[in-house]
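The next block is run_38.pdb, given as PDB, C-alpha atoms.
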ATOM      1  CA  MET E   1      -6.849 -22.937 -17.257
ATOM      2  CA  SER E   2      -9.564 -20.405 -16.457
ATOM      3  CA  GLU E   3     -12.146 -20.657 -13.707
ATOM      4  CA  ASN E   4     -14.688 -18.359 -12.090
ATOM      5  CA  PHE E   5     -14.697 -18.462  -8.300
ATOM      6  CA  GLY E   6     -16.415 -16.213  -5.837
ATOM      7  CA  SER E   7     -19.287 -14.100  -7.074
ATOM      8  CA  PRO E   8     -18.873 -11.063  -9.302
ATOM      9  CA  SER E   9     -22.456  -9.948  -8.707
ATOM     10  CA  PRO E  10     -23.184  -6.509  -7.269
ATOM     11  CA  ILE E  11     -24.513  -8.202  -4.092
ATOM     12  CA  GLN E  12     -21.925 -10.714  -2.941
ATOM     13  CA  PRO E  13     -18.346  -9.512  -2.481
ATOM     14  CA  LEU E  14     -15.349 -11.754  -2.946
ATOM     15  CA  SER E  15     -14.330 -13.302   0.346
ATOM     16  CA  VAL E  16     -11.072 -12.337   2.055
ATOM     17  CA  GLY E  17      -9.675 -15.752   1.108
ATOM     18  CA  ASN E  18     -10.637 -15.323  -2.563
ATOM     19  CA  VAL E  19      -9.028 -11.877  -2.749
ATOM     20  CA  VAL E  20      -5.756 -13.029  -1.189
ATOM     21  CA  SER E  21      -5.702 -16.267  -3.220
ATOM     22  CA  ALA E  22      -6.228 -14.362  -6.470
ATOM     23  CA  ALA E  23      -3.417 -11.958  -5.544
ATOM     24  CA  VAL E  24      -1.101 -14.880  -4.755
ATOM     25  CA  ARG E  25      -1.836 -16.465  -8.155
ATOM     26  CA  LEU E  26      -1.192 -13.218  -9.975
ATOM     27  CA  TYR E  27       2.016 -12.680  -8.029
ATOM     28  CA  ARG E  28       3.233 -16.224  -8.618
ATOM     29  CA  SER E  29       2.327 -16.218 -12.324
ATOM     30  CA  HIS E  30       4.128 -12.947 -13.058
ATOM     31  CA  LEU E  31       6.787 -12.904 -10.367
ATOM     32  CA  LYS E  32       9.706 -12.040 -12.639
ATOM     33  CA  GLU E  33       7.924  -9.220 -14.513
ATOM     34  CA  TYR E  34       6.433  -7.675 -11.386
ATOM     35  CA  PHE E  35       9.678  -8.004  -9.429
ATOM     36  CA  LEU E  36      11.694  -6.240 -12.134
ATOM     37  CA  LEU E  37       9.118  -3.458 -12.371
ATOM     38  CA  ALA E  38       9.149  -3.000  -8.601
ATOM     39  CA  LEU E  39      12.961  -3.018  -8.513
ATOM     40  CA  LYS E  40      13.006  -0.400 -11.260
ATOM     41  CA  ALA E  41      10.538   1.666  -9.221
ATOM     42  CA  TYR E  42      12.764   1.531  -6.127
ATOM     43  CA  VAL E  43      15.826   2.630  -8.096
ATOM     44  CA  TRP E  44      13.894   5.716  -9.210
ATOM     45  CA  VAL E  45      13.367   6.651  -5.541
ATOM     46  CA  LEU E  46      16.978   7.844  -5.472
ATOM     47  CA  LEU E  47      16.032  10.753  -7.762
ATOM     48  CA  PRO E  48      13.984  13.394  -5.895
ATOM     49  CA  VAL E  49      10.572  14.549  -7.158
ATOM     50  CA  TYR E  50      10.624  13.102 -10.700
ATOM     51  CA  GLY E  51      11.928   9.786  -9.413
ATOM     52  CA  TRP E  52       9.275   9.690  -6.698
ATOM     53  CA  ALA E  53       6.572  10.209  -9.327
ATOM     54  CA  LYS E  54       8.112   7.376 -11.371
ATOM     55  CA  PHE E  55       8.064   5.116  -8.320
ATOM     56  CA  TYR E  56       4.384   5.858  -7.743
ATOM     57  CA  ALA E  57       3.537   5.333 -11.412
ATOM     58  CA  LEU E  58       5.465   2.068 -11.768
ATOM     59  CA  SER E  59       3.898   0.727  -8.567
ATOM     60  CA  ALA E  60       0.451   1.540  -9.943
ATOM     61  CA  LEU E  61       1.450  -0.066 -13.259
ATOM     62  CA  ILE E  62       1.712  -3.420 -11.470
ATOM     63  CA  SER E  63      -1.911  -3.037 -10.362
ATOM     64  CA  ARG E  64      -2.915  -2.105 -13.910
ATOM     65  CA  LEU E  65      -1.251  -5.206 -15.341
ATOM     66  CA  ALA E  66      -2.795  -7.415 -12.650
ATOM     67  CA  TYR E  67      -6.236  -5.927 -13.289
ATOM     68  CA  GLY E  68      -5.839  -6.636 -17.010
ATOM     69  CA  GLU E  69      -5.214 -10.289 -16.190
ATOM     70  CA  LEU E  70      -8.303 -10.420 -13.974
ATOM     71  CA  VAL E  71     -10.628  -9.116 -16.686
ATOM     72  CA  ASN E  72      -9.162 -11.230 -19.510
ATOM     73  CA  GLN E  73      -7.538  -8.204 -21.133
ATOM     74  CA  PRO E  74      -3.815  -8.805 -20.557
ATOM     75  CA  GLU E  75      -1.532  -5.948 -21.536
ATOM     76  CA  SER E  76       2.147  -5.779 -22.341
ATOM     77  CA  ILE E  77       4.435  -4.018 -19.903
ATOM     78  CA  SER E  78       5.545  -1.530 -22.561
ATOM     79  CA  SER E  79       1.945  -0.571 -23.377
ATOM     80  CA  GLY E  80       1.027  -0.168 -19.725
ATOM     81  CA  GLU E  81       4.171   1.828 -19.031
ATOM     82  CA  ARG E  82       3.359   4.234 -21.855
ATOM     83  CA  PHE E  83      -0.053   4.836 -20.292
ATOM     84  CA  VAL E  84       1.211   5.544 -16.762
ATOM     85  CA  ASN E  85       4.097   7.646 -18.081
ATOM     86  CA  SER E  86       1.564   9.845 -19.873
ATOM     87  CA  ARG E  87       0.134  10.610 -16.423
ATOM     88  CA  LEU E  88       3.407  10.927 -14.597
ATOM     89  CA  TRP E  89       2.820  14.439 -13.291
ATOM     90  CA  GLN E  90      -0.722  13.507 -12.286
ATOM     91  CA  PHE E  91       0.821  10.806 -10.089
ATOM     92  CA  LEU E  92       3.040  13.483  -8.574
ATOM     93  CA  VAL E  93      -0.014  15.662  -7.895
ATOM     94  CA  THR E  94      -1.753  12.724  -6.208
ATOM     95  CA  MET E  95       1.342  11.958  -4.137
ATOM     96  CA  LEU E  96       1.628  15.570  -2.960
ATOM     97  CA  LEU E  97      -2.076  15.781  -2.130
ATOM     98  CA  MET E  98      -1.899  12.542  -0.156
ATOM     99  CA  PHE E  99       1.135  13.900   1.696
ATOM    100  CA  LEU E 100      -0.867  16.998   2.640
ATOM    101  CA  ILE E 101      -3.843  14.877   3.657
ATOM    102  CA  GLY E 102      -1.540  12.769   5.832
ATOM    103  CA  ILE E 103      -0.174  15.917   7.487
ATOM    104  CA  GLY E 104      -3.740  17.122   8.062
ATOM    105  CA  ILE E 105      -4.724  13.834   9.700
ATOM    106  CA  GLY E 106      -1.618  13.905  11.879
ATOM    107  CA  LEU E 107      -2.240  17.492  12.957
ATOM    108  CA  GLY E 108      -5.858  16.678  13.727
ATOM    109  CA  VAL E 109      -4.816  13.835  16.020
ATOM    110  CA  LEU E 110      -2.140  16.024  17.631
ATOM    111  CA  VAL E 111      -4.616  18.834  18.328
ATOM    112  CA  LEU E 112      -7.075  16.354  19.800
ATOM    113  CA  PHE E 113      -4.481  14.992  22.237
ATOM    114  CA  VAL E 114      -3.212  18.465  23.142
ATOM    115  CA  LEU E 115      -6.773  19.537  24.009
ATOM    116  CA  PHE E 116      -7.244  16.339  25.981
ATOM    117  CA  GLY E 117      -3.960  17.016  27.789
ATOM    118  CA  PHE E 118      -5.174  20.463  28.848
ATOM    119  CA  PHE E 119      -8.463  18.954  29.968
ATOM    120  CA  SER E 120      -6.695  16.265  32.014
ATOM    121  CA  ALA E 121      -4.378  18.842  33.621
ATOM    122  CA  PHE E 122      -7.344  21.084  34.480
ATOM    123  CA  VAL E 123      -9.307  18.222  36.034
ATOM    124  CA  GLY E 124      -6.214  16.944  37.862
ATOM    125  CA  LEU E 125      -5.504  20.331  39.405
ATOM    126  CA  GLY E 126      -9.089  20.754  40.471
ATOM    127  CA  LEU E 127      -9.315  17.326  42.085
ATOM    128  CA  GLN E 128      -5.871  16.615  43.493
ATOM    129  CA  GLY E 129      -5.479  13.316  45.293
ATOM    130  CA  ASN E 130      -8.759  11.938  43.934
ATOM    131  CA  SER E 131      -7.956   8.385  42.862
ATOM    132  CA  VAL E 132     -11.316   7.918  41.118
ATOM    133  CA  THR E 133     -10.592  10.911  38.897
ATOM    134  CA  SER E 134      -7.110   9.575  38.104
ATOM    135  CA  ILE E 135      -8.539   6.201  37.085
ATOM    136  CA  PHE E 136     -11.170   7.960  34.981
ATOM    137  CA  ILE E 137      -8.494   9.987  33.179
ATOM    138  CA  VAL E 138      -6.418   6.850  32.497
ATOM    139  CA  ILE E 139      -9.440   5.005  31.107
ATOM    140  CA  LEU E 140     -10.433   8.022  29.028
ATOM    141  CA  THR E 141      -6.873   8.273  27.665
ATOM    142  CA  ILE E 142      -6.926   4.614  26.609
ATOM    143  CA  VAL E 143     -10.340   4.974  24.984
ATOM    144  CA  LEU E 144      -9.292   8.151  23.185
ATOM    145  CA  SER E 145      -6.081   6.512  21.935
ATOM    146  CA  ILE E 146      -7.975   3.515  20.562
ATOM    147  CA  ALA E 147     -10.569   5.794  18.959
ATOM    148  CA  ALA E 148      -7.806   7.889  17.349
ATOM    149  CA  ILE E 149      -6.073   4.782  15.950
ATOM    150  CA  VAL E 150      -9.356   3.438  14.570
ATOM    151  CA  ALA E 151     -10.223   6.818  13.040
ATOM    152  CA  VAL E 152      -6.809   7.151  11.379
ATOM    153  CA  LEU E 153      -6.990   3.591   9.994
ATOM    154  CA  TRP E 154     -10.496   4.277   8.681
ATOM    155  CA  LEU E 155      -9.395   7.471   6.944
ATOM    156  CA  LEU E 156      -6.246   5.949   5.443
ATOM    157  CA  THR E 157      -8.195   2.955   4.149
ATOM    158  CA  ARG E 158     -10.583   5.274   2.296
ATOM    159  CA  PHE E 159      -7.517   6.341   0.277
ATOM    160  CA  TYR E 160      -6.247   2.770  -0.140
ATOM    161  CA  LEU E 161      -6.988   2.575  -3.893
ATOM    162  CA  VAL E 162      -5.954   6.122  -4.737
ATOM    163  CA  ASP E 163      -3.242   5.148  -7.253
ATOM    164  CA  VAL E 164      -5.206   2.410  -9.030
ATOM    165  CA  PRO E 165      -7.948   4.393 -10.854
ATOM    166  CA  LEU E 166      -5.305   6.823 -12.108
ATOM    167  CA  ALA E 167      -3.405   3.903 -13.633
ATOM    168  CA  ILE E 168      -6.469   2.247 -15.183
ATOM    169  CA  GLU E 169      -9.386   4.570 -15.870
ATOM    170  CA  ASP E 170      -9.501   7.087 -18.705
ATOM    171  CA  ASN E 171     -11.278  10.136 -17.299
ATOM    172  CA  VAL E 172      -9.327  10.420 -14.056
ATOM    173  CA  ASP E 173      -6.649  12.897 -12.990
ATOM    174  CA  GLY E 174      -4.437  13.421  -9.965
ATOM    175  CA  ILE E 175      -7.263  15.005  -7.982
ATOM    176  CA  SER E 176     -10.311  12.984  -9.021
ATOM    177  CA  THR E 177      -8.536   9.674  -8.358
ATOM    178  CA  ILE E 178      -8.652  10.538  -4.650
ATOM    179  CA  SER E 179     -12.425  10.974  -4.666
ATOM    180  CA  ARG E 180     -12.663   7.820  -6.797
ATOM    181  CA  SER E 181     -10.896   5.814  -4.091
ATOM    182  CA  TRP E 182     -13.198   7.340  -1.480
ATOM    183  CA  GLN E 183     -16.197   6.266  -3.550
ATOM    184  CA  LEU E 184     -15.029   2.711  -4.208
ATOM    185  CA  THR E 185     -14.031   1.950  -0.624
ATOM    186  CA  GLN E 186     -17.281   3.204   0.883
ATOM    187  CA  GLY E 187     -18.752   0.553   3.174
ATOM    188  CA  ASN E 188     -15.748  -1.758   2.771
ATOM    189  CA  VAL E 189     -13.159  -0.264   5.112
ATOM    190  CA  TRP E 190     -12.989  -3.087   7.649
ATOM    191  CA  ARG E 191     -12.941  -5.788   4.977
ATOM    192  CA  ILE E 192     -10.064  -4.037   3.208
ATOM    193  CA  LEU E 193      -8.209  -3.743   6.520
ATOM    194  CA  LEU E 194      -8.695  -7.464   7.148
ATOM    195  CA  ILE E 195      -7.471  -8.325   3.643
ATOM    196  CA  SER E 196      -4.421  -6.082   4.129
ATOM    197  CA  PHE E 197      -3.673  -7.705   7.489
ATOM    198  CA  VAL E 198      -3.846 -11.216   5.998
ATOM    199  CA  GLY E 199      -1.623 -10.093   3.129
ATOM    200  CA  PHE E 200       0.886  -8.686   5.617
ATOM    201  CA  LEU E 201       0.968 -11.988   7.502
ATOM    202  CA  ILE E 202       1.782 -13.812   4.258
ATOM    203  CA  THR E 203       4.818 -11.587   3.665
ATOM    204  CA  ILE E 204       6.286 -12.095   7.154
ATOM    205  CA  PRO E 205       8.370 -15.222   6.280
ATOM    206  CA  ALA E 206      10.014 -13.423   3.357
ATOM    207  CA  GLN E 207      10.773 -10.427   5.555
ATOM    208  CA  ILE E 208      12.307 -12.658   8.233
ATOM    209  CA  VAL E 209      14.577 -14.378   5.699
ATOM    210  CA  LEU E 210      15.712 -11.048   4.285
ATOM    211  CA  GLN E 211      16.381  -9.680   7.784
ATOM    212  CA  ILE E 212      18.550 -12.726   8.506
ATOM    213  CA  ILE E 213      20.513 -12.110   5.296
ATOM    214  CA  SER E 214      20.951  -8.468   6.298
ATOM    215  CA  ALA E 215      22.218  -9.495   9.742
ATOM    216  CA  VAL E 216      24.705 -11.929   8.148
ATOM    217  CA  ILE E 217      26.023  -9.209   5.824
ATOM    218  CA  GLN E 218      26.443  -6.840   8.752
ATOM    219  CA  GLY E 219      28.244  -9.539  10.740
ATOM    220  CA  ILE E 220      30.662 -10.147   7.867
ATOM    221  CA  PHE E 221      31.399  -6.500   7.151
ATOM    222  CA  SER E 222      31.643  -5.155  10.708
ATOM    223  CA  PRO E 223      35.230  -6.382  11.318
ATOM    224  CA  LEU E 224      36.227  -5.447   7.755
ATOM    225  CA  ILE E 225      34.927  -1.900   8.236
ATOM    226  CA  ASN E 226      36.872  -1.622  11.490
ATOM    227  CA  GLU E 227      40.044  -2.555   9.605
ATOM    228  CA  ASN E 228      39.504  -0.339   6.561
ATOM    229  CA  SER E 229      36.381   1.794   6.628
ATOM    230  CA  THR E 230      37.331   3.757   3.480
ATOM    231  CA  ILE E 231      37.060   0.685   1.245
ATOM    232  CA  PHE E 232      34.474  -1.490   2.940
ATOM    233  CA  THR E 233      31.950   1.101   4.165
ATOM    234  CA  PRO E 234      30.783   2.053   0.623
ATOM    235  CA  ILE E 235      30.564  -1.633  -0.348
ATOM    236  CA  PHE E 236      28.556  -2.384   2.780
ATOM    237  CA  LEU E 237      26.166   0.534   2.159
ATOM    238  CA  VAL E 238      25.607  -0.516  -1.470
ATOM    239  CA  LEU E 239      24.865  -4.091  -0.394
ATOM    240  CA  ILE E 240      22.422  -2.971   2.305
ATOM    241  CA  LEU E 241      20.721  -0.566  -0.110
ATOM    242  CA  GLY E 242      20.478  -3.299  -2.741
ATOM    243  CA  LEU E 243      19.036  -5.709  -0.196
ATOM    244  CA  SER E 244      16.508  -3.101   0.949
ATOM    245  CA  PHE E 245      15.419  -2.448  -2.635
ATOM    246  CA  SER E 246      15.207  -6.180  -3.327
ATOM    247  CA  THR E 247      13.094  -6.687  -0.207
ATOM    248  CA  GLY E 248      10.722  -3.957  -1.306
ATOM    249  CA  ALA E 249      10.637  -5.325  -4.853
ATOM    250  CA  ILE E 250       9.604  -8.737  -3.540
ATOM    251  CA  ILE E 251       6.812  -7.427  -1.304
ATOM    252  CA  LEU E 252       5.473  -4.459  -3.321
ATOM    253  CA  PRO E 253       4.001  -6.472  -6.255
ATOM    254  CA  PHE E 254       1.976  -8.648  -3.889
ATOM    255  CA  GLY E 255       0.474  -5.571  -2.251
ATOM    256  CA  GLN E 256      -0.318  -4.043  -5.643
ATOM    257  CA  ALA E 257      -1.884  -7.315  -6.819
ATOM    258  CA  ILE E 258      -4.145  -7.265  -3.740
ATOM    259  CA  LYS E 259      -5.131  -3.707  -4.655
ATOM    260  CA  ALA E 260      -5.981  -4.834  -8.195
ATOM    261  CA  VAL E 261      -8.255  -7.622  -6.942
ATOM    262  CA  ILE E 262      -9.989  -5.319  -4.446
ATOM    263  CA  TYR E 263     -10.439  -2.695  -7.180
ATOM    264  CA  TYR E 264     -11.902  -5.349  -9.499
ATOM    265  CA  ASP E 265     -14.271  -6.473  -6.741
ATOM    266  CA  MET E 266     -15.393  -2.932  -5.888
ATOM    267  CA  ARG E 267     -16.069  -2.028  -9.517
ATOM    268  CA  SER E 268     -17.828  -5.246 -10.422
ATOM    269  CA  ARG E 269     -20.193  -4.925  -7.453
ATOM    270  CA  ARG E 270     -20.753  -1.173  -7.540
ATOM    271  CA  GLU E 271     -20.881  -0.695 -11.294
ATOM    272  CA  GLY E 272     -22.176  -4.111 -12.389
ATOM    273  CA  LEU E 273     -19.353  -4.871 -14.777
ATOM    274  CA  GLY E 274     -20.182  -8.591 -14.718
ATOM    275  CA  LEU E 275     -16.532  -9.531 -14.972
ATOM    276  CA  LYS E 276     -15.175 -13.026 -14.373
ATOM    277  CA  LEU E 277     -12.197 -13.505 -12.157
ATOM    278  CA  ARG E 278      -9.482 -15.575 -13.797
ATOM    279  CA  ASP E 279      -7.741 -18.436 -12.057
ATOM    280  CA  ARG E 280      -4.640 -19.085 -14.102
ATOM    281  CA  GLU E 281      -2.581 -22.180 -13.391
ATOM    282  CA  ILE E 282       0.942 -21.755 -14.709
TER     283      ILE E 282
END
Starting from the file, lay out its structure as structure tokens.
Amino acid sequence: MSENFGSPSPIQPLSVGNVVSAAVRLYRSHLKEYFLLALKAYVWVLLPVYGWAKFYALSALISRLAYGELVNQPESISSGERFVNSRLWQFLVTMLLMFLIGIGIGLGVLVLFVLFGFFSAFVGLGLQGNSVTSIFIVILTIVLSIAAIVAVLWLLTRFYLVDVPLAIEDNVDGISTISRSWQLTQGNVWRILLISFVGFLITIPAQIVLQIISAVIQGIFSPLINENSTIFTPIFLVLILGLSFSTGAIILPFGQAIKAVIYYDMRSRREGLGLKLRDREI
């Protein structure tokens, strides 16, 4: 069954509820395929550099497949995987650039607080015992901290879609996909943050269940490890690693499906694609 909900016009964006609902439907309809892809991606993490690029590419592949469903152009996993594999090193370039950007943002925040620390020390030495000045510094510290958090969230959200264009669009490489994300997210930062927050809330029950399972496994193996650590420690570590990968493989596809819907929404409004959002009932 196919249905158009929300508005794909360049004026009216999809609501937060429509975005999350569409992502839930995509996730539910393709749970097995997306889960296996995500699990495969997490296994590749164990191999440095090349494996990290594979993880990034396979994660983006989930968004590509979800986007294909949204625009009535479904694609096989093998076809999509061939496409992202052809850009594997471009994904690595993007990953490295984003790592450097993250370091730059972190250093910028660190420098800001170091300068503020010197300023506070200078003012404090000049006005010792002045309670009004102390209160002012505390308030200024709180305001600066909030401003820094907001600024970092704003910057990171501008790069939210960085992997999606590289997995979908033709004339995009590991560098231009970053500017593409910046372009698409312009004017939509706070809506994307709200969508991400709602999506995170939806995943909390699954995370709680998996944490309980992890605690049970630890409770079972703790006395066994004390008795014979040589045998049971490797088994315990493999189980915990497998559980961690499984947890990630359950949550990752939902996040990538949300990205696909947001990407669809941004493109349809900014570029007037006139696409219809599918509502598939399986």
Could you pull out every residue with an atom within 12 Å of (-3.6, 14.4, 25.6), file coordinates, counting all atoms listed in the file, and send them as a list of chain:residue names?
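In the file's frame, the residues around the point are E:Val109, E:Leu110, E:Val111, E:Leu112, E:Phe113, E:Val114, E:Leu115, E:Phe116, E:Gly117, E:Phe118, E:Phe119, E:Ser120, E:Ala121, E:Phe122, E:Ile137, E:Val138, E:Leu140, E:Thr141, E:Ile142, E:Val143, E:Leu144, E:Ser145, E:Ala148.
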Neighbours of E:Ser179 within 12 Å (only C-alpha atoms; same-chain residues fewer than 2 positions away dropped), as a list in words?
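Selected residues are Thr94, Leu97, Met98, Arg158, Phe159, Tyr160, Leu161, Val162, Asp163, Pro165, Leu166, Val172, Asp173, Gly174, Ile175, Ser176, Thr177, Ser181, Trp182, Gln183, Leu184, Thr185 and Gln186 of chain E.
Under the PyMOL selection byres ((chain E and resi 245) around 10), the matching residues in the shown file are Ala38, Leu39, Lys40, Ala41, Tyr42, Val43, Val45, Leu239, Ile240, Leu241, Gly242, Leu243, Ser244, Ser246, Thr247, Gly248, Ala249 and Ile250 of chain E.
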Determine the residue set returned by the PyMOL selection byres ((chain E and resi 189-195) around 12) for the present structure, and present it as a count of residues only.
47
Could you write out as AutoDock Vina command-line options the box around stretch 161-179 of chain E (axis-aligned, all atoms listed in the file, 6 Å on each side), with centre and edge lengths in Å to one decimal?
--center_x -7.8 --center_y 8.6 --center_z -11.3 --size_x 21.2 --size_y 24.8 --size_z 26.8
Atom CA of E:Leu26 to atom CA of E:Pro253 measures 9.3 Å
Export stretch 33-83 of chain E, C-alpha atoms, as an mmCIF file, in the first residue's frame; it's the structure right above.
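Contents of result32.cif, as written:
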data_model
loop_
_atom_site.group_PDB
_atom_site.id
_atom_site.type_symbol
_atom_site.label_atom_id
_atom_site.label_comp_id
_atom_site.auth_asym_id
_atom_site.auth_seq_id
_atom_site.Cartn_x
_atom_site.Cartn_y
_atom_site.Cartn_z
ATOM 1 C CA GLU E 33 18.386 -6.664 5.614
ATOM 2 C CA TYR E 34 19.408 -3.485 7.416
ATOM 3 C CA PHE E 35 20.422 -5.356 10.569
ATOM 4 C CA LEU E 36 22.678 -7.740 8.641
ATOM 5 C CA LEU E 37 24.272 -4.855 6.752
ATOM 6 C CA ALA E 38 24.893 -2.972 9.992
ATOM 7 C CA LEU E 39 26.315 -6.090 11.666
ATOM 8 C CA LYS E 40 28.619 -6.598 8.693
ATOM 9 C CA ALA E 41 29.702 -2.959 9.013
ATOM 10 C CA TYR E 42 30.568 -3.395 12.702
ATOM 11 C CA VAL E 43 32.640 -6.506 12.005
ATOM 12 C CA TRP E 44 34.713 -4.469 9.546
ATOM 13 C CA VAL E 45 35.561 -2.024 12.359
ATOM 14 C CA LEU E 46 38.027 -4.607 13.670
ATOM 15 C CA LEU E 47 40.249 -3.990 10.623
ATOM 16 C CA PRO E 48 42.014 -0.601 10.842
ATOM 17 C CA VAL E 49 41.736 1.989 8.051
ATOM 18 C CA TYR E 50 40.242 -0.162 5.262
ATOM 19 C CA GLY E 51 37.728 -1.671 7.661
ATOM 20 C CA TRP E 52 36.776 1.764 8.970
ATOM 21 C CA ALA E 53 36.109 2.931 5.409
ATOM 22 C CA LYS E 54 33.966 -0.181 4.864
ATOM 23 C CA PHE E 55 32.008 0.582 8.026
ATOM 24 C CA TYR E 56 31.338 4.127 6.837
ATOM 25 C CA ALA E 57 30.353 2.948 3.360
ATOM 26 C CA LEU E 58 28.040 0.170 4.560
ATOM 27 C CA SER E 59 26.368 2.546 7.020
ATOM 28 C CA ALA E 60 25.755 5.006 4.191
ATOM 29 C CA LEU E 61 24.481 2.128 2.030
ATOM 30 C CA ILE E 62 21.564 1.704 4.446
ATOM 31 C CA SER E 63 20.611 5.338 3.828
ATOM 32 C CA ARG E 64 20.920 4.798 0.075
ATOM 33 C CA LEU E 65 18.606 1.787 0.182
ATOM 34 C CA ALA E 66 16.114 3.636 2.390
ATOM 35 C CA TYR E 67 16.165 6.646 0.066
ATOM 36 C CA GLY E 68 15.475 4.355 -2.897
ATOM 37 C CA GLU E 69 12.370 3.085 -1.120
ATOM 38 C CA LEU E 70 11.196 6.636 -0.426
ATOM 39 C CA VAL E 71 11.394 7.695 -4.073
ATOM 40 C CA ASN E 72 9.850 4.503 -5.493
ATOM 41 C CA GLN E 73 13.180 3.342 -6.904
ATOM 42 C CA PRO E 74 14.054 0.346 -4.710
ATOM 43 C CA GLU E 75 17.507 -1.111 -5.241
ATOM 44 C CA SER E 76 19.008 -4.478 -4.452
ATOM 45 C CA ILE E 77 21.619 -4.680 -1.727
ATOM 46 C CA SER E 78 24.207 -6.068 -4.149
ATOM 47 C CA SER E 79 23.699 -3.175 -6.580
ATOM 48 C CA GLY E 80 23.908 -0.580 -3.829
ATOM 49 C CA GLU E 81 26.971 -2.234 -2.337
ATOM 50 C CA ARG E 82 28.753 -2.136 -5.690
ATOM 51 C CA PHE E 83 28.103 1.606 -5.866
#
